[in-house]
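The next block holds one structure in the form of structure tokens; read it before the comments.
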Amino acid sequence: MASETVTSTGYIKHHLQNMTFGKHPDGHWGLAHSVNEAKEMGFWAIHVDTMFWSILLGVLFLWLFRKAAKQATSGQPSGVLNFAEWIVEFIDSSVRGSFTSKNNLVAPLALTVFVWVFLMNFMDLVPVDWLPSLAGWVGASMFGADPHHVYFRVVSTTDPNATIGMSLAVFGLMLFYSIKIKGIGGFTAELTMHPFHSHNKLVQLIFIPINFFLEFVSLIAKPISLALRLFGNMYAGEMIFILIALMFSASMTMQALGGVLQLGWAIFHILIITLQAFIFMTLTIVYMDMAHSEH
Amino acid sequence: MNINLTLIGQSITFALFVWFCMKYVWPPIMAALDERKTKIADGLAAAEKGQHEEELAKQRAAKTLKKAKDEAGEILAAAQKRATEIVEEAKGTARAEAERIVHSANAEIEQEVNRAREELRGKVVSLAVAGASKVLKREVDAKANEDLLKDLVAQL
């Protein structure tokens with residue numbers, strides 16, 4: 001959408017702004033019309049596009065798999081069931097490989113993480129201008145909005161809120177199971193008695209704050225790295241798509257080059273979106289396993 | 001890229017999706033998979049058992065066939081033996097019968113000869129008597145000369 005009136009910077013900024021619904025400083029609720037307005041809304045605002053796409057894709061995933069589950073049979077599988085079974089078996093073997101305890105939550109959790117993240121990442125392969133342009137057109141023609149002020153990001157995982165939200169949910173489960181399996185005492189001991197340990201009570205007392213500092217950092221690092229890894233990869237991928245899209249507003253040669261680059265990057269990106277979904281899932285399983293296992 | 005309520009919204013959405021998946025998606029698919037696994041394992045076991053049984057049946061059939069062949073051979077040998085016996089027996093009987101026939105024929109012939117001889121004797125006697133009476137020109141009393149005639153007959 002880089003027309004003469006929009007600079008490259010403006011174009012990029014436009015693409016990186018979520019459609020934000022929240023309370024304006026003057027007190028009324030509504031969509032933010034600019035980057036600054038969205039910023040002023042502070043914490044009590046919500047990204048409509050992120051929520052819309054993540055819920056839509058999540059529902060799509062659950063609908064598809066529920067359909068498969070309904071026709072699940074021990075006989076000959078067919079159609080959507082075949083596909084669902086393929087994924088379920090893949091997830092099941094991953095969980096069996098990394099998760100040593102018994103918990104009926106972990107496998108469905110891993111399945112949800114994998115498919116949902118994959119679908120959200122997959123939106124990255126839709127050319128960057130299609131859906132935002134459509135949203136701009138809908139906003140302009142149906143709500144009379146200025147299309148330049150209709151923000152629409154389709155890849156939910158490029159919104160740190162989405163990835164941090166998911167990782168916080170995983171973190172919550174980690175804490176819950178850590179305390180449930182090991183007890184508060186066990187969990188506290190895990191945080192304070194490692195890695196330095198001494199039989200001398202006095203020395204141990206000195207070690208406790210050091211241990212706690214080290215263990216606490218590594219504990220906190222888990223959800224943060226989980227969220228930021230996915231966000232960073234997808235954000236960077238999207239950024240490159242946007243930069244490639246910028247070339248379409250330049251000369252014919254640049255446009256042709258942009259087309260080739262876009263195709264190449266998209267093909268390469270198929271690998272990245274799958275890999276990131278897989279990594280997020282595997283780390284979720286591993287973290288859950290750590291929460292379940294005693295030292 | 002502001003951190004806002006979306007974060008909490010995403011967490012809740014995520015939790016709901018996981019809950020739904022755990023409740024309605026995972027168990028039926030997994031159950032079907034497990035059931036199919038058992039079914040396939042059972043089927044394979046049954047196939048193996050069937051193969052084993054087929055092998056056994058084949059062995060049994062071969063054994064039975066061999067037994068039947070042996071029995072048939074035995075029966076054949078016995079029959080052959082019996083046939084030879086019968087033939088031998090028949091030969092024996094036939095020989096005996098032939099001997100008997102020859103014997104009786106000989107006896108008959110002897111009898112006939114004897115009878116003819118007797119007849120001849122009688123005729124000779126009467127001829128002799130007739131001749132003698134002619135010579136003597138008188139009747140010879142056969143009864144009176146019975147002892148004489150008997151002597152004569154005995155000499156013939």
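Going through the structure tokens in order, the chains are called A, B, and so on, while each chain numbers its residues from 1 and the ligands are numbered from 1 in the order shown.
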
Considering only C-alpha atoms, return as a count of residues only whatever protein or nucleic-acid residues lie within 9 Å of Asn4 (chain B), sequence-local ones (same chain, fewer than 3 positions apart) excluded.
10

Select all residues from chain B having any atom no more than 6 Å from an atom of chain A (counting only C-alpha atoms, ignoring ligands), output as a list of chain:residue names.
B:Ile3, B:Asn4, B:Leu5, B:Thr6, B:Leu7, B:Gln10, B:Ser11, B:Val18, B:Cys21, B:Met22, B:Val25, B:Trp26, B:Pro28, B:Ile29, B:Ala32, B:Glu35, B:Arg36

Serialized selection, N, CA and C atoms, as a compact mmCIF listing (two decimals), in the first residue's frame:
```
# COMPACT_ATOMS: atom_id res chain seq x y z
N ILE B 3 2.13 -3.71 25.32
CA ILE B 3 1.64 -4.81 26.13
C ILE B 3 0.34 -4.33 26.77
N ASN B 4 -0.72 -5.07 26.51
CA ASN B 4 -2.00 -4.66 27.08
C ASN B 4 -2.89 -5.87 27.38
N LEU B 5 -4.15 -5.62 27.51
CA LEU B 5 -5.13 -6.64 27.87
C LEU B 5 -5.10 -7.87 26.96
N THR B 6 -4.64 -7.66 25.74
CA THR B 6 -4.58 -8.77 24.79
C THR B 6 -3.85 -9.97 25.40
N LEU B 7 -2.83 -9.64 26.20
CA LEU B 7 -2.04 -10.65 26.87
C LEU B 7 -2.93 -11.59 27.70
N GLN B 10 -5.34 -13.50 25.50
CA GLN B 10 -4.70 -14.63 24.84
C GLN B 10 -4.52 -15.80 25.80
N SER B 11 -4.12 -15.48 27.03
CA SER B 11 -3.94 -16.55 28.01
C SER B 11 -5.24 -17.31 28.23
N VAL B 18 -7.07 -25.27 25.13
CA VAL B 18 -6.43 -26.47 25.68
C VAL B 18 -7.47 -27.34 26.39
N CYS B 21 -9.62 -29.06 23.85
CA CYS B 21 -8.84 -30.11 23.18
C CYS B 21 -8.70 -31.32 24.09
N MET B 22 -8.45 -31.06 25.37
CA MET B 22 -8.25 -32.14 26.33
C MET B 22 -9.54 -32.91 26.56
N VAL B 25 -11.29 -33.49 22.06
CA VAL B 25 -10.56 -33.83 20.84
C VAL B 25 -9.61 -35.00 21.06
N TRP B 26 -8.75 -34.84 22.07
CA TRP B 26 -7.69 -35.83 22.26
C TRP B 26 -8.22 -37.23 22.63
N PRO B 28 -11.10 -39.04 22.24
CA PRO B 28 -11.69 -39.95 21.23
C PRO B 28 -10.69 -40.41 20.17
N ILE B 29 -9.83 -39.48 19.72
CA ILE B 29 -8.87 -39.85 18.68
C ILE B 29 -7.88 -40.87 19.24
N ALA B 32 -9.49 -44.22 19.67
CA ALA B 32 -9.62 -44.91 18.38
C ALA B 32 -8.28 -45.49 17.96
N GLU B 35 -7.45 -48.45 20.11
CA GLU B 35 -8.31 -49.59 19.76
C GLU B 35 -7.83 -50.22 18.46
N ARG B 36 -7.48 -49.36 17.51
CA ARG B 36 -7.02 -49.90 16.23
C ARG B 36 -5.72 -50.66 16.41
```

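Here the question is which of A:Asp129, A:Tyr287, A:Val80, A:Phe52 gets nearest to Thr13 (chain B) using only C-alpha atoms, and that residue is A:Phe52.
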
Using CA of Arg117 (chain B) and CA of Ala154 (chain B) as the two end points, give the distance in Å to one decimal.
11.7 Å

For region 133-146 of chain A, please output as a PyMOL selection string all residues within 12 Å (counting only C-alpha atoms; exclusion window: fewer than 2 positions along the same chain).
chain A and resi 1-2+14-15+19+31-34+49+127-131+148-154

Exercise: region 178-181 of chain A partners within 9 Å, only C-alpha atoms, chain neighbours under 2 positions left out, as a PyMOL selection string
chain A and resi 173-176+183-188+288+290-294

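Around Leu214 (chain A), within 12 Å and counting only C-alpha atoms, the residues found are Glu190, Leu191, Thr192, Met193, His194, Pro195, Phe196, Phe207, Ile208, Pro209, Ile210, Asn211, Val217, Ser218, Leu219, Ile220 and Ala221 of chain A, once anything fewer than 3 positions away on its own chain is removed.
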
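Summary of the local environment: counting only C-alpha atoms, residues at most 7 Å from region 259-270 of chain A, other than itself and those fewer than 2 positions away along its chain, are Leu125, Phe241, Ile244, Gln255, Ala256, Leu257, Ile272, Ile273 and Thr274 of chain A.
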
Please report, as a ChimeraX atom specification, each residue of region 47-195 of chain A to which DSSP assigns helix (DSSP H, G or I) when run on this structure's backbone.
/A:48-70,80-98,106-125,130-143,147-149,156-158,160-192

Take the residues that were just selected and, keeping C-alpha atoms, output them as a compact mmCIF listing (two decimals), in the first residue's frame.
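Dumped to selection15.txt:
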```
# COMPACT_ATOMS: atom_id res chain seq x y z
CA VAL A 48 -8.85 -6.66 18.08
CA ASP A 49 -6.97 -8.14 15.13
CA THR A 50 -4.75 -10.39 17.27
CA MET A 51 -7.71 -11.69 19.21
CA PHE A 52 -9.83 -12.08 16.06
CA TRP A 53 -7.26 -14.11 14.14
CA SER A 54 -6.08 -16.20 17.04
CA ILE A 55 -9.62 -17.12 18.05
CA LEU A 56 -10.68 -17.71 14.45
CA LEU A 57 -7.71 -20.01 13.82
CA GLY A 58 -8.07 -21.72 17.18
CA VAL A 59 -11.72 -22.39 16.52
CA LEU A 60 -10.85 -23.64 13.04
CA PHE A 61 -8.34 -26.05 14.57
CA LEU A 62 -10.75 -27.28 17.23
CA TRP A 63 -13.62 -27.58 14.76
CA LEU A 64 -11.51 -29.62 12.37
CA PHE A 65 -10.15 -31.92 15.05
CA ARG A 66 -13.52 -32.21 16.77
CA LYS A 67 -14.96 -33.30 13.44
CA ALA A 68 -12.23 -35.90 13.19
CA ALA A 69 -12.76 -36.98 16.80
CA LYS A 70 -16.47 -37.50 16.17
CA VAL A 80 -9.96 -35.41 7.94
CA LEU A 81 -9.54 -38.22 10.48
CA ASN A 82 -6.51 -39.47 8.63
CA PHE A 83 -4.95 -36.04 8.79
CA ALA A 84 -5.85 -35.54 12.45
CA GLU A 85 -4.48 -38.95 13.37
CA TRP A 86 -1.25 -38.20 11.61
CA ILE A 87 -0.77 -35.06 13.71
CA VAL A 88 -2.03 -36.66 16.90
CA GLU A 89 0.39 -39.56 16.51
CA PHE A 90 3.23 -37.18 15.83
CA ILE A 91 2.40 -35.16 18.97
CA ASP A 92 1.90 -38.32 20.98
CA SER A 93 5.31 -39.68 20.06
CA SER A 94 6.91 -36.30 20.86
CA VAL A 95 5.23 -36.26 24.26
CA ARG A 96 6.21 -39.87 24.95
CA GLY A 97 9.77 -39.00 24.00
CA SER A 98 10.18 -35.98 26.26
CA VAL A 106 0.29 -32.50 28.48
CA ALA A 107 -0.49 -34.23 25.17
CA PRO A 108 -3.60 -32.14 24.38
CA LEU A 109 -1.67 -29.07 25.51
CA ALA A 110 1.11 -29.91 23.09
CA LEU A 111 -1.37 -30.58 20.29
CA THR A 112 -3.10 -27.26 20.86
CA VAL A 113 0.18 -25.39 21.03
CA PHE A 114 1.54 -26.97 17.89
CA VAL A 115 -1.47 -26.62 15.62
CA TRP A 116 -2.59 -23.27 16.92
CA VAL A 117 0.84 -21.67 16.71
CA PHE A 118 1.35 -23.22 13.29
CA LEU A 119 -1.92 -21.80 11.99
CA MET A 120 -1.19 -18.36 13.42
CA ASN A 121 2.29 -18.46 11.91
CA PHE A 122 0.85 -19.66 8.65
CA MET A 123 -0.96 -16.35 8.21
CA ASP A 124 2.50 -14.95 7.56
CA LEU A 125 2.47 -16.62 4.15
CA TRP A 130 -4.00 -8.55 1.08
CA LEU A 131 -5.83 -8.77 4.36
CA PRO A 132 -4.86 -5.30 5.67
CA SER A 133 -6.03 -3.80 2.36
CA LEU A 134 -9.26 -5.74 2.60
CA ALA A 135 -9.69 -4.50 6.17
CA GLY A 136 -8.92 -0.95 5.03
CA TRP A 137 -11.48 -1.24 2.26
CA VAL A 138 -14.11 -2.68 4.59
CA GLY A 139 -13.36 0.03 7.17
CA ALA A 140 -13.54 2.78 4.59
CA SER A 141 -16.64 1.61 2.78
CA MET A 142 -18.69 0.31 5.72
CA PHE A 143 -17.60 2.44 8.66
CA PRO A 147 -8.13 3.50 5.30
CA HIS A 148 -4.76 4.81 6.42
CA HIS A 149 -5.95 4.64 9.97
CA SER A 156 -1.09 -13.03 15.82
CA THR A 157 2.29 -14.46 16.79
CA THR A 158 4.01 -11.23 15.72
CA PRO A 160 4.16 -10.12 21.76
CA ASN A 161 0.91 -10.09 23.71
CA ALA A 162 -0.10 -13.35 22.05
CA THR A 163 3.18 -15.16 22.59
CA ILE A 164 3.67 -13.85 26.13
CA GLY A 165 0.05 -14.70 26.89
CA MET A 166 0.62 -18.28 25.82
CA SER A 167 3.94 -18.59 27.59
CA LEU A 168 2.42 -17.16 30.77
CA ALA A 169 -0.31 -19.79 30.59
CA VAL A 170 2.38 -22.45 30.21
CA PHE A 171 4.32 -20.85 33.07
CA GLY A 172 1.21 -20.96 35.25
CA LEU A 173 0.84 -24.67 34.52
CA MET A 174 4.52 -25.18 35.33
CA LEU A 175 4.16 -23.51 38.71
CA PHE A 176 0.91 -25.33 39.40
CA TYR A 177 2.34 -28.76 38.70
CA SER A 178 5.65 -28.01 40.39
CA ILE A 179 3.81 -27.21 43.60
CA LYS A 180 1.28 -30.00 43.14
CA ILE A 181 3.89 -32.70 42.53
CA LYS A 182 6.71 -31.54 44.83
CA GLY A 183 4.73 -29.59 47.38
CA ILE A 184 5.52 -26.03 48.37
CA GLY A 185 8.50 -27.22 50.41
CA GLY A 186 9.90 -29.29 47.56
CA PHE A 187 9.48 -26.49 45.09
CA THR A 188 11.09 -23.99 47.44
CA ALA A 189 13.93 -26.40 48.06
CA GLU A 190 14.40 -26.74 44.34
CA LEU A 191 14.73 -22.97 44.09
CA THR A 192 17.05 -22.52 47.06
```
